[in-house]
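*Asks:* So here's data_2.txt, just compact mmCIF, C-alpha atoms:
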# COMPACT_ATOMS: atom_id res chain seq x y z
CA MET A 1 0.00 0.00 0.00
CA ARG A 2 2.79 2.40 0.95
CA THR A 3 4.53 1.77 -2.39
CA LEU A 4 1.32 2.58 -4.22
CA VAL A 5 0.92 5.86 -2.31
CA VAL A 6 4.54 6.86 -2.98
CA ALA A 7 4.19 6.02 -6.68
CA ALA A 8 0.95 8.01 -6.91
CA ALA A 9 2.56 10.98 -5.17
CA ALA A 10 5.54 10.86 -7.54
CA LEU A 11 3.21 10.72 -10.53
CA ILE A 12 1.20 13.69 -9.26
CA LEU A 13 4.37 15.73 -8.65
CA TYR A 14 5.71 14.84 -12.09
CA ALA A 15 2.41 15.82 -13.75
CA ALA A 16 2.27 19.07 -11.78
CA GLY A 17 5.84 19.89 -12.78
CA ALA A 18 5.08 19.16 -16.43
CA ALA A 19 1.98 21.36 -16.31
CA LEU A 20 4.06 24.22 -14.91
CA GLY A 21 6.82 23.69 -17.46
CA VAL A 22 9.31 22.42 -14.87
CA ALA A 23 11.71 19.83 -16.23
CA PRO A 24 12.35 16.75 -14.13
CA ALA A 25 15.71 16.69 -12.37
CA ASP A 26 18.66 15.32 -14.28
CA THR A 27 19.88 12.88 -11.65
CA VAL A 28 22.75 11.61 -13.81
CA ALA A 29 24.16 15.11 -14.26
CA ASP A 30 23.64 15.80 -10.55
CA SER A 31 25.55 12.68 -9.53
CA CYS A 32 28.39 13.33 -11.98
CA HIS A 33 28.72 16.99 -11.02
CA ALA A 34 28.83 15.97 -7.35
CA ILE A 35 32.01 13.98 -8.05
CA SER A 36 33.51 16.29 -10.69
CA ASP A 37 36.66 16.85 -8.64
CA PHE A 38 37.52 13.17 -9.15
CA VAL A 39 36.09 12.15 -12.53
CA ASP A 40 35.51 13.62 -15.95
CA VAL A 41 31.88 14.73 -15.98
CA ASP A 42 31.38 13.93 -19.68
CA PHE A 43 32.75 10.42 -19.21
CA CYS A 44 30.60 9.92 -16.11
CA THR A 45 27.38 11.12 -17.72
CA SER A 46 27.90 9.19 -20.94
CA ARG A 47 28.64 5.94 -19.12
CA LEU A 48 25.77 6.26 -16.65
CA ARG A 49 23.30 7.29 -19.37
CA SER A 50 24.16 4.10 -21.22
CA VAL A 51 22.53 2.14 -18.38
CA PRO A 52 18.76 1.62 -18.55
CA GLY A 53 17.06 3.32 -15.61
CA ALA A 54 19.88 5.75 -14.88
CA ALA A 55 17.76 8.78 -15.73
CA THR A 56 15.40 8.07 -12.84
CA ALA A 57 17.91 6.61 -10.38
CA ASP A 58 19.32 8.42 -7.38
CA ARG A 59 23.01 8.60 -6.47
CA PHE A 60 22.82 5.26 -4.67
CA GLY A 61 21.47 3.66 -7.85
CA HIS A 62 24.23 5.36 -9.84
CA LEU A 63 26.82 3.87 -7.48
CA LEU A 64 25.48 0.37 -8.15
CA MET A 65 25.34 1.06 -11.90
CA ALA A 66 28.89 2.45 -11.97
CA THR A 67 30.09 -0.63 -10.09
CA ASP A 68 28.45 -2.90 -12.66
CA LEU A 69 30.10 -0.90 -15.45
CA ALA A 70 33.50 -1.16 -13.74
CA VAL A 71 33.10 -4.92 -13.30
CA ALA A 72 32.25 -5.33 -17.00
CA SER A 73 35.21 -3.16 -17.98
CA GLY A 74 37.53 -5.14 -15.72
CA VAL A 75 36.36 -8.46 -17.13
CA LYS A 76 36.91 -7.15 -20.65
CA ALA A 77 40.43 -5.96 -19.78
CA GLN A 78 41.20 -9.26 -18.04
CA ASP A 79 40.08 -11.19 -21.13
CA LEU A 80 42.17 -8.97 -23.42
CA ALA A 81 45.29 -9.41 -21.27
CA ALA A 82 44.78 -13.18 -20.97
CA ALA A 83 44.32 -13.51 -24.73
CA ALA A 84 47.49 -11.50 -25.37
CA ALA A 85 49.43 -13.65 -22.89
CA ALA A 86 48.22 -16.85 -24.57
CA ARG A 87 49.45 -15.97 -28.04
CA ASP A 88 52.31 -18.10 -29.34
CA GLY A 89 54.67 -17.90 -32.31
CA GLY A 90 56.62 -14.79 -31.35
CA VAL A 91 53.62 -12.46 -31.45
CA VAL A 92 54.29 -11.51 -27.84
CA ASP A 93 57.84 -11.51 -26.45
CA PRO A 94 58.39 -13.27 -23.10
CA GLY A 95 58.53 -10.01 -21.13
CA GLU A 96 55.32 -8.74 -22.66
CA ARG A 97 53.67 -12.13 -22.17
CA ASP A 98 54.57 -12.04 -18.46
CA ALA A 99 53.25 -8.47 -18.21
CA MET A 100 49.97 -9.53 -19.81
CA ARG A 101 49.72 -12.46 -17.39
CA ALA A 102 50.25 -10.00 -14.53
CA CYS A 103 47.51 -7.77 -15.92
CA ALA A 104 45.08 -10.66 -16.25
CA PHE A 105 45.91 -11.72 -12.69
CA LEU A 106 45.41 -8.22 -11.25
CA TYR A 107 42.02 -7.87 -12.90
CA GLY A 108 40.88 -11.45 -12.20
CA ALA A 109 42.20 -11.94 -8.69
CA ALA A 110 41.94 -8.46 -7.20
CA SER A 111 39.96 -5.67 -8.80
CA VAL A 112 37.01 -7.47 -10.37
CA PRO A 113 36.25 -9.68 -7.34
CA GLY A 114 36.81 -6.65 -5.09
CA LEU A 115 34.28 -4.63 -7.07
CA ARG A 116 31.77 -7.46 -6.93
CA LEU A 117 32.11 -7.61 -3.15
CA LEU A 118 31.97 -3.82 -2.88
CA ARG A 119 28.72 -3.82 -4.84
CA ARG A 120 27.17 -6.42 -2.56
CA TYR A 121 28.14 -4.44 0.54
CA ALA A 122 26.99 -1.16 -0.98
CA ALA A 123 23.66 -2.70 -2.04
CA ALA A 124 23.17 -3.74 1.58
CA ARG A 125 24.32 -0.27 2.70
CA ALA A 126 27.15 -1.86 4.65
CA TRP A 127 29.41 1.15 4.15
CA GLY A 128 32.36 0.07 6.30
CA PRO A 129 33.12 -3.12 4.37
CA ALA A 130 32.42 -1.35 1.06
CA HIS A 131 34.98 1.36 1.88
CA ALA A 132 37.49 -1.27 2.99
CA LEU A 133 37.51 -2.72 -0.54
CA VAL A 134 38.20 0.54 -2.38
CA MET A 135 42.00 0.17 -2.51
CA LEU A 136 41.73 -3.37 -3.84
CA THR A 137 39.38 -2.34 -6.63
CA MET A 138 41.86 0.16 -8.06
CA ASP A 139 44.88 -2.16 -8.31
CA ALA A 140 44.41 -3.56 -11.79
CA GLY A 141 44.51 -0.46 -13.97
CA ASP A 142 47.58 1.08 -12.35
CA GLY A 143 49.31 -2.24 -11.78
CA CYS A 144 48.71 -3.33 -15.34
CA ASP A 145 50.12 -0.06 -16.70
CA ALA A 146 53.22 -0.59 -14.55
CA ALA A 147 53.58 -4.21 -15.69
CA VAL A 148 53.46 -3.32 -19.38
CA GLY A 149 55.77 -0.33 -18.99
CA GLY A 150 53.35 2.55 -19.27
CA SER A 151 50.02 3.45 -20.67
CA ASN A 152 50.81 3.47 -24.38
CA GLY A 153 50.42 -0.19 -25.31
CA ARG A 154 47.57 -2.52 -26.10
CA MET A 155 46.21 -2.21 -22.54
CA ALA A 156 46.19 1.61 -22.47
CA GLY A 157 42.54 2.01 -23.49
CA PRO A 158 41.11 -0.76 -21.30
CA ASN A 159 43.22 0.34 -18.31
CA HIS A 160 42.15 3.96 -18.70
CA GLU A 161 38.48 3.01 -19.02
CA PHE A 162 38.72 0.82 -15.94
CA ASP A 163 40.59 3.48 -13.95
CA GLN A 164 37.90 6.06 -14.73
CA LEU A 165 35.07 3.71 -13.81
CA SER A 166 36.83 2.64 -10.64
CA ALA A 167 37.32 6.31 -9.73
CA MET A 168 33.58 6.89 -10.35
CA VAL A 169 32.72 4.04 -7.99
CA THR A 170 35.01 5.38 -5.28
CA ALA A 171 33.79 8.96 -5.65
CA LEU A 172 30.11 7.97 -5.70
CA LEU A 173 30.63 5.75 -2.65
CA ASN A 174 32.34 8.60 -0.82
CA SER A 175 29.65 11.09 -1.87
CA ILE A 176 26.97 8.86 -0.36
CA ASN A 177 28.68 7.86 2.82
CA LEU A 178 31.59 9.78 4.25
What does the file become when written as structure tokens?
*Replies:*
Amino acid sequence: MRTLVVAAAALILYAAGAALGVAPADTVADSCHAISDFVDVDFCTSRLRSVPGAATADRFGHLLMATDLAVASGVKAQDLAAAAAARDGGVVDPGERDAMRACAFLYGAASVPGLRLLRRYAAARAWGPAHALVMLTMDAGDGCDAAVGGSNGRMAGPNHEFDQLSAMVTALLNSINL
């Protein structure tokens, strides 16, 4: 019953705002501007707007969405690094192969599982454990760049994407509960 009343009230407020020419709040822009000291606002808004439901979500919802995006980005980077490490026939020299293995390990053993745990804790609003995982979630992008000797190789794009999404997660988490 309470849900029905809240939904009806929201619908009435939305209709009243539309009748008065008031645009609904842009929650994505609000969330991204709230963390603009830590992330690129254009990157933040474009990534969040790519998620169904983001336009009507609050900052808490955006945190969960950003975490899902970071997990997907980390899995993609892990797969790319693992595939590069598996190539034979001189395509990848031994040093680069080892660096790609290190990248795959950092994504698969640290950052991606850490983000999955962080999301579960955040969804339950268990802020202490969620904050405790922040450092673990950021390891892969920076560590992978270090392993491959900088951010100008095949992992540069995936690492940068992951770093930005991980920074979004951290900033959104901090904006909600600090």
*Asks:* Just the residues within 10 Å of Leu115 of chain A, please, counting only C-alpha atoms, with nothing from its chain fewer than 5 positions along; format it as a list in words.
*Replies:*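 Within the cut-off, the hits are Thr67, Asp68, Ala70, Val71, Gly74, Ala110, Arg120, Tyr121, Ala130, Leu133, Val134, Leu136, Thr137, Met138, Ser166 and Val169 of chain A.
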*Asks:* Save the residues we just selected, C-alpha atoms, as a PDB file, in the coordinates of the input?
*Replies:*
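Result file follows (result_3.pdb):
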ATOM      1  CA  THR A  67      30.090  -0.630 -10.090  1.00  0.00           C
ATOM      2  CA  ASP A  68      28.450  -2.900 -12.660  1.00  0.00           C
ATOM      3  CA  ALA A  70      33.500  -1.160 -13.740  1.00  0.00           C
ATOM      4  CA  VAL A  71      33.100  -4.920 -13.300  1.00  0.00           C
ATOM      5  CA  GLY A  74      37.530  -5.140 -15.720  1.00  0.00           C
ATOM      6  CA  ALA A 110      41.940  -8.460  -7.200  1.00  0.00           C
ATOM      7  CA  ARG A 120      27.170  -6.420  -2.560  1.00  0.00           C
ATOM      8  CA  TYR A 121      28.140  -4.440   0.540  1.00  0.00           C
ATOM      9  CA  ALA A 130      32.420  -1.350   1.060  1.00  0.00           C
ATOM     10  CA  LEU A 133      37.510  -2.720  -0.540  1.00  0.00           C
ATOM     11  CA  VAL A 134      38.200   0.540  -2.380  1.00  0.00           C
ATOM     12  CA  LEU A 136      41.730  -3.370  -3.840  1.00  0.00           C
ATOM     13  CA  THR A 137      39.380  -2.340  -6.630  1.00  0.00           C
ATOM     14  CA  MET A 138      41.860   0.160  -8.060  1.00  0.00           C
ATOM     15  CA  SER A 166      36.830   2.640 -10.640  1.00  0.00           C
ATOM     16  CA  VAL A 169      32.720   4.040  -7.990  1.00  0.00           C
TER      17      VAL A 169
END
*Asks:* Leaving out Ile176 of chain A and any residue of its chain fewer than 4 positions from it, which residues lie within 12 Å of it when counting all atoms listed in the file, given as number ranges by chain?
*Replies:* A: 31, 34-35, 58-64, 122, 125-127, 130-131, 169-172
*Asks:* For the atom pair atom CA of Ser50 of chain A and atom CA of Leu173 of chain A, what is the interatomic distance in Å to one decimal place?
*Replies:* 19.7 Å
*Asks:* Go through A:Val28, A:Val41, A:Met155, A:Ala66 and flag the residue nearest Ala83 of chain A, using all atoms listed in the file for the distances.
*Replies:*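 Between A:Val28, A:Val41, A:Met155, A:Ala66, the residue approaching Ala83 of chain A most closely is A:Met155.
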*Asks:* Just the number, please: distance in Å from atom CA of Cys103 of chain A to atom CA of Met168 of chain A, one decimal.
*Replies:*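 We find that atom CA of Cys103 of chain A and atom CA of Met168 of chain A lie 21.0 Å from each other.
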*Asks:* What lies within 12 Å of Asp79 of chain A using all atoms listed in the file, ignoring chain neighbours under 2 positions off, as a PyMOL selection string?
*Replies:* chain A and resi 72-77+81-86+100-101+103-108+112+155+158
*Asks:* Only C-alpha atoms, please: the residues just picked out, written as an mmCIF file, in the frame of the given file.
*Replies:*
data_model
loop_
_atom_site.group_PDB
_atom_site.id
_atom_site.type_symbol
_atom_site.label_atom_id
_atom_site.label_comp_id
_atom_site.auth_asym_id
_atom_site.auth_seq_id
_atom_site.Cartn_x
_atom_site.Cartn_y
_atom_site.Cartn_z
ATOM 1 C CA ALA A 72 32.250 -5.330 -17.000
ATOM 2 C CA SER A 73 35.210 -3.160 -17.980
ATOM 3 C CA GLY A 74 37.530 -5.140 -15.720
ATOM 4 C CA VAL A 75 36.360 -8.460 -17.130
ATOM 5 C CA LYS A 76 36.910 -7.150 -20.650
ATOM 6 C CA ALA A 77 40.430 -5.960 -19.780
ATOM 7 C CA ALA A 81 45.290 -9.410 -21.270
ATOM 8 C CA ALA A 82 44.780 -13.180 -20.970
ATOM 9 C CA ALA A 83 44.320 -13.510 -24.730
ATOM 10 C CA ALA A 84 47.490 -11.500 -25.370
ATOM 11 C CA ALA A 85 49.430 -13.650 -22.890
ATOM 12 C CA ALA A 86 48.220 -16.850 -24.570
ATOM 13 C CA MET A 100 49.970 -9.530 -19.810
ATOM 14 C CA ARG A 101 49.720 -12.460 -17.390
ATOM 15 C CA CYS A 103 47.510 -7.770 -15.920
ATOM 16 C CA ALA A 104 45.080 -10.660 -16.250
ATOM 17 C CA PHE A 105 45.910 -11.720 -12.690
ATOM 18 C CA LEU A 106 45.410 -8.220 -11.250
ATOM 19 C CA TYR A 107 42.020 -7.870 -12.900
ATOM 20 C CA GLY A 108 40.880 -11.450 -12.200
ATOM 21 C CA VAL A 112 37.010 -7.470 -10.370
ATOM 22 C CA MET A 155 46.210 -2.210 -22.540
ATOM 23 C CA PRO A 158 41.110 -0.760 -21.300
#
*Asks:* For the atom pair atom CA of Asp37 of chain A and atom CA of Ala167 of chain A, what is the interatomic distance in Å to one decimal place?
*Replies:* 10.6 Å
